[in-house]
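Chemist: What follows is a single structure, and I will ask about it in a moment.
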2 protein chains.
Amino acid sequence: MASQKIVFLILPEVHLLDLGGPEQVFLEAIGYGAPFEIEYCTYTKELRSSGGLTFGHIKHFSEVAIKPEDYIFIPGPNVRSIHDYKFTSQTELLDWLRRCHRENITLCSVCSGAFALAYAGLLDYKKCTTHFKRTAELKRYFPKLDVQENVLFVEDGNIITSAGIASGIDMALYILERIQGSHFAHKVAREMVIYTRRTGSQPQKSSYLDYRNHIHSGIHKVQDYLSENIHKKSSVGHLAEIACMSERNFTRIFKKEAGITVNEYTTLVRKEKIKLLLKNPDLSRVQIARAVGLNSDRQLSRIMHSI
Amino acid sequence: MASQKIVFLILPEVHLLDLGGPEQVFLEAIGYGAPFEIEYCTYTKELRSSGGLTFGHIKHFSEVAIKPEDYIFIPGPNVRSIHDYKFTSQTELLDWLRRCHRENITLCSVCSGAFALAYAGLLDYKKCTTHFKRTAELKRYFPKLDVQENVLFVEDGNIITSAGIASGIDMALYILERIQGSHFAHKVAREMVIYTRRTGSQPQKSSYLDYRNHIHSGIHKVQDYLSENIHKKSSVGHLAEIACMSERNFTRIFKKEAGITVNEYTTLVRKEKIKLLLKNPDLSRVQIARAVGLNSDRQLSRIMHSI
């Protein structure tokens, strides 16, 4: 499989966190073997971050070879600089963004990066968002936009806009989940020691992401084990061993960290797997029961009843 | 008041998120008027980030004028590079870190930045932490260290070490809370659209930080209002107005976002203020009642009883 490019368009006065957050998501994903390739580009040689760090040579955007399955991230710059004529007069850059959009490349903005997409006319009549302190300003400057409030990020066609600063991490994890699955995305989130959050607009619930807003690595190991071995019978004693704890300590710590008991959690993982397997018409109910570590189709019925 | 310096020591192969996270905390704090000053320094001219971005000129650490109330942050580099002879042979830099430590400057590491402090011998016999995948390695390389697991950050003397990557944000918010108070720290956290987290080692509970793990700006406005105006009587109708909602919608959304009802939340804020005022022996109980919007010392007794 050819690698997917994650291109960061770096604008003057960029917030390092808007860049470093999503970047780290894809760096970790590459570390886990995902076929991504990270590239940086810009339009100007005079580039410093919002905190005053200057950068070395960064490629001009016109030098980036890009294909439909790639992503362009626009980390938010200090908002004053994006209304500056120095930026708004960059017609070649705005043309390039429009061309990328037509070629079905996904454009993702973090925070005030949404203004760049708006100046390119790409957000007209689209659902979009930006930092909560700037949503009114975004509407005022660009009345055709359907600006959303109180969301971490919103997707409309091949454009995803995220709210303030750190929400760029949430958006990047969402994209990663779509490409590599929720288990993979969670591994990356944990590697970064962040909580995985969900937006109101995501209807899907997943036990990979729920009940994992803790940083206890022993409990995470058990949760990973359960996700991958739900077809096996796992005694609490065995799970406690995986967590390197006594049985009693393990059940106590699991409840404290995950918020539900280990049995409740196991049932959730099992239900999720059943739901997935039920979509396959070739599998008998007995086969499904076996695939999730149940003894009989009667046990399966009982669990399904509670789905 | 002279400004406190937040100095970032940038090492080769730095993770941008380890740098950009804490940096943004202090940039936002400066935006809100806090007297911080950000400086960057390094020891080498050949500097690129873990993702491959190169930097422009960054000051040499020996050029930084620093005083006891300042902070030095060491954002984590790619862990391979920190064991490299190119780093471990930097005796001048390690000397500088030791001197700063002796001069009572607070040293804060993010992720693998802890290894830099360990190579300087500054973590010997100290409680410390690093990325959960590196705690065993840190212990193995430096057996004298009291390495903690499953914490976001840990403080020992004038050294604070944080866990993986994004936990540098949590550490920075903790430092900001200590200097500027929890209300201020929360404002900054919200500005960055992040959840404020607490470590197990923080015993203090604060309604400024609890029940605010949402991003609804209307509800945040009401929570801020309550914190600042607990001496006034605020009807639900009035609070709904502040949130720009109907009364019915407001009580529903408040419960949904904050997790508790607006009345329960108001009581928590009131209790917290009472606890604070009770420490002042010059205040009568009637005065305290009035200061938190209660009619009588009887109402105060009832609430105190439930503290």
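Note on naming: chains are A, B, ... as they come in the structure tokens, residues start from 1 per chain, ligands start from 1 in the order shown.
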Based on DSSP run over this structure's backbone, return all residues of range 121-271 of chain B in strand (DSSP E or B), as a JSON list (two decimals) with N, CA, C and O atoms, in the first residue's frame.

Modeler:
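Generated file (selection12.json):
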[["chain", "number", "residue", "atom", "x", "y", "z"],
["B", 127, "LYS", "N", 11.41, 11.13, 43.88],
["B", 127, "LYS", "CA", 10.22, 10.67, 43.19],
["B", 127, "LYS", "C", 10.17, 11.33, 41.82],
["B", 127, "LYS", "O", 10.31, 12.56, 41.70],
["B", 128, "CYS", "N", 10.00, 10.54, 40.78],
["B", 128, "CYS", "CA", 9.96, 11.10, 39.44],
["B", 128, "CYS", "C", 9.19, 10.16, 38.51],
["B", 128, "CYS", "O", 8.86, 9.04, 38.89],
["B", 146, "ASP", "N", 13.53, 6.98, 42.39],
["B", 146, "ASP", "CA", 12.26, 6.45, 42.90],
["B", 146, "ASP", "C", 11.18, 6.73, 41.83],
["B", 146, "ASP", "O", 10.41, 7.68, 41.92],
["B", 147, "VAL", "N", 11.18, 5.87, 40.81],
["B", 147, "VAL", "CA", 10.33, 6.11, 39.63],
["B", 147, "VAL", "C", 8.88, 5.73, 39.91],
["B", 147, "VAL", "O", 8.60, 4.62, 40.36],
["B", 153, "PHE", "N", 2.02, 13.55, 36.67],
["B", 153, "PHE", "CA", 3.27, 14.26, 36.99],
["B", 153, "PHE", "C", 3.52, 14.11, 38.47],
["B", 153, "PHE", "O", 2.60, 13.79, 39.23],
["B", 154, "VAL", "N", 4.77, 14.29, 38.87],
["B", 154, "VAL", "CA", 5.09, 14.18, 40.29],
["B", 154, "VAL", "C", 6.12, 15.24, 40.66],
["B", 154, "VAL", "O", 7.03, 15.53, 39.88],
["B", 155, "GLU", "N", 5.95, 15.82, 41.85],
["B", 155, "GLU", "CA", 6.81, 16.92, 42.29],
["B", 155, "GLU", "C", 7.66, 16.42, 43.44],
["B", 155, "GLU", "O", 7.16, 15.74, 44.34],
["B", 156, "ASP", "N", 8.94, 16.73, 43.42],
["B", 156, "ASP", "CA", 9.80, 16.39, 44.55],
["B", 156, "ASP", "C", 10.83, 17.50, 44.68],
["B", 156, "ASP", "O", 11.72, 17.66, 43.84],
["B", 159, "ILE", "N", 11.79, 19.93, 41.64],
["B", 159, "ILE", "CA", 11.79, 19.23, 40.35],
["B", 159, "ILE", "C", 10.42, 18.61, 40.12],
["B", 159, "ILE", "O", 9.86, 17.94, 41.01],
["B", 160, "ILE", "N", 9.85, 18.86, 38.95],
["B", 160, "ILE", "CA", 8.57, 18.24, 38.60],
["B", 160, "ILE", "C", 8.80, 17.45, 37.31],
["B", 160, "ILE", "O", 9.32, 18.00, 36.33],
["B", 161, "THR", "N", 8.46, 16.17, 37.32],
["B", 161, "THR", "CA", 8.59, 15.37, 36.11],
["B", 161, "THR", "C", 7.20, 14.93, 35.70],
["B", 161, "THR", "O", 6.36, 14.62, 36.54],
["B", 162, "SER", "N", 6.93, 14.93, 34.38],
["B", 162, "SER", "CA", 5.62, 14.51, 33.93],
["B", 162, "SER", "C", 5.74, 13.28, 33.04],
["B", 162, "SER", "O", 6.81, 12.95, 32.55]]

Chemist: Near chain A, which residues of chain B fall within 9 Å when you count only C-alpha atoms, and what do they look like as an MDAnalysis selection string?

Modeler: chainID B and resid 15:24 27 38:40 48 50:58 131:133 149:152 163:167 190:195 214:217

Chemist: Looking only at the backbone, which of the residues in range 146-266 of chain B does DSSP tag as helix (DSSP H, G or I), as a PyMOL selection string?

Modeler: chain B and resi 167-180+182-191+217-228+236-242+247-258+262-266

Chemist: Restricting the calculation to only C-alpha atoms, which member of B:Thr44, B:Ser109, B:Ser296, B:Ser62 is positioned closest to Ala172 in chain B?

Modeler: B:Ser109

Chemist: List as a PyMOL selection string the protein and nucleic acid residues near Tyr225 in chain A, meaning an atom at most 9 Å away when only C-alpha atoms are counted, but skip any in the same chain fewer than 4 places from it.

Modeler: chain A and resi 220-221+229-230+239+242

Chemist: Could you turn the residues from that selection into a file that holds all heavy atoms, as an mmCIF file, in the first residue's frame?

Modeler:
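Written output follows (out-v1.cif):
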data_model
loop_
_atom_site.group_PDB
_atom_site.id
_atom_site.type_symbol
_atom_site.label_atom_id
_atom_site.label_comp_id
_atom_site.auth_asym_id
_atom_site.auth_seq_id
_atom_site.Cartn_x
_atom_site.Cartn_y
_atom_site.Cartn_z
ATOM 1 N N HIS A 220 -4.954 -0.959 31.307
ATOM 2 C CA HIS A 220 -4.988 -0.863 29.837
ATOM 3 C C HIS A 220 -4.596 -2.194 29.201
ATOM 4 O O HIS A 220 -5.185 -2.618 28.220
ATOM 5 C CB HIS A 220 -4.033 0.230 29.341
ATOM 6 C CG HIS A 220 -4.656 1.583 29.308
ATOM 7 N ND1 HIS A 220 -5.815 1.849 28.624
ATOM 8 C CD2 HIS A 220 -4.275 2.753 29.873
ATOM 9 C CE1 HIS A 220 -6.126 3.130 28.778
ATOM 10 N NE2 HIS A 220 -5.218 3.694 29.525
ATOM 11 N N LYS A 221 -3.574 -2.853 29.786
ATOM 12 C CA LYS A 221 -3.125 -4.139 29.247
ATOM 13 C C LYS A 221 -4.267 -5.151 29.265
ATOM 14 O O LYS A 221 -4.481 -5.885 28.300
ATOM 15 C CB LYS A 221 -1.954 -4.669 30.093
ATOM 16 C CG LYS A 221 -0.600 -4.445 29.479
ATOM 17 C CD LYS A 221 0.484 -5.112 30.340
ATOM 18 C CE LYS A 221 1.665 -4.173 30.451
ATOM 19 N NZ LYS A 221 2.483 -4.420 31.636
ATOM 20 N N ASN A 229 -8.925 -11.083 22.878
ATOM 21 C CA ASN A 229 -9.083 -12.490 23.264
ATOM 22 C C ASN A 229 -10.463 -12.801 23.812
ATOM 23 O O ASN A 229 -10.620 -13.661 24.668
ATOM 24 C CB ASN A 229 -8.029 -12.857 24.311
ATOM 25 C CG ASN A 229 -6.625 -12.766 23.749
ATOM 26 O OD1 ASN A 229 -6.176 -13.661 23.044
ATOM 27 N ND2 ASN A 229 -5.943 -11.662 24.035
ATOM 28 N N ILE A 230 -11.466 -12.104 23.307
ATOM 29 C CA ILE A 230 -12.807 -12.292 23.859
ATOM 30 C C ILE A 230 -13.339 -13.703 23.543
ATOM 31 O O ILE A 230 -14.283 -14.177 24.175
ATOM 32 C CB ILE A 230 -13.761 -11.170 23.351
ATOM 33 C CG1 ILE A 230 -14.989 -11.049 24.252
ATOM 34 C CG2 ILE A 230 -14.147 -11.341 21.905
ATOM 35 C CD1 ILE A 230 -14.680 -10.554 25.653
ATOM 36 N N LEU A 239 -6.717 -12.510 34.424
ATOM 37 C CA LEU A 239 -6.639 -11.075 34.092
ATOM 38 C C LEU A 239 -5.788 -10.332 35.135
ATOM 39 O O LEU A 239 -5.008 -9.440 34.788
ATOM 40 C CB LEU A 239 -8.041 -10.476 34.010
ATOM 41 C CG LEU A 239 -8.956 -11.068 32.920
ATOM 42 C CD1 LEU A 239 -10.334 -10.412 32.971
ATOM 43 C CD2 LEU A 239 -8.352 -10.886 31.518
ATOM 44 N N ILE A 242 -2.224 -10.704 34.296
ATOM 45 C CA ILE A 242 -1.808 -9.811 33.196
ATOM 46 C C ILE A 242 -1.509 -8.418 33.740
ATOM 47 O O ILE A 242 -0.581 -7.746 33.311
ATOM 48 C CB ILE A 242 -2.897 -9.766 32.101
ATOM 49 C CG1 ILE A 242 -2.994 -11.128 31.421
ATOM 50 C CG2 ILE A 242 -2.620 -8.662 31.077
ATOM 51 C CD1 ILE A 242 -4.170 -11.282 30.488
#

Chemist: Would you kindly return, as JSON, numbers by chain, each protein, DNA or RNA residue with an atom no farther than 8 Å from any atom of range 138-144 of chain B, considering only C-alpha atoms and excluding same-chain residues fewer than 4 positions away?

Modeler: {"B": [115, 118, 124, 125, 130, 134]}
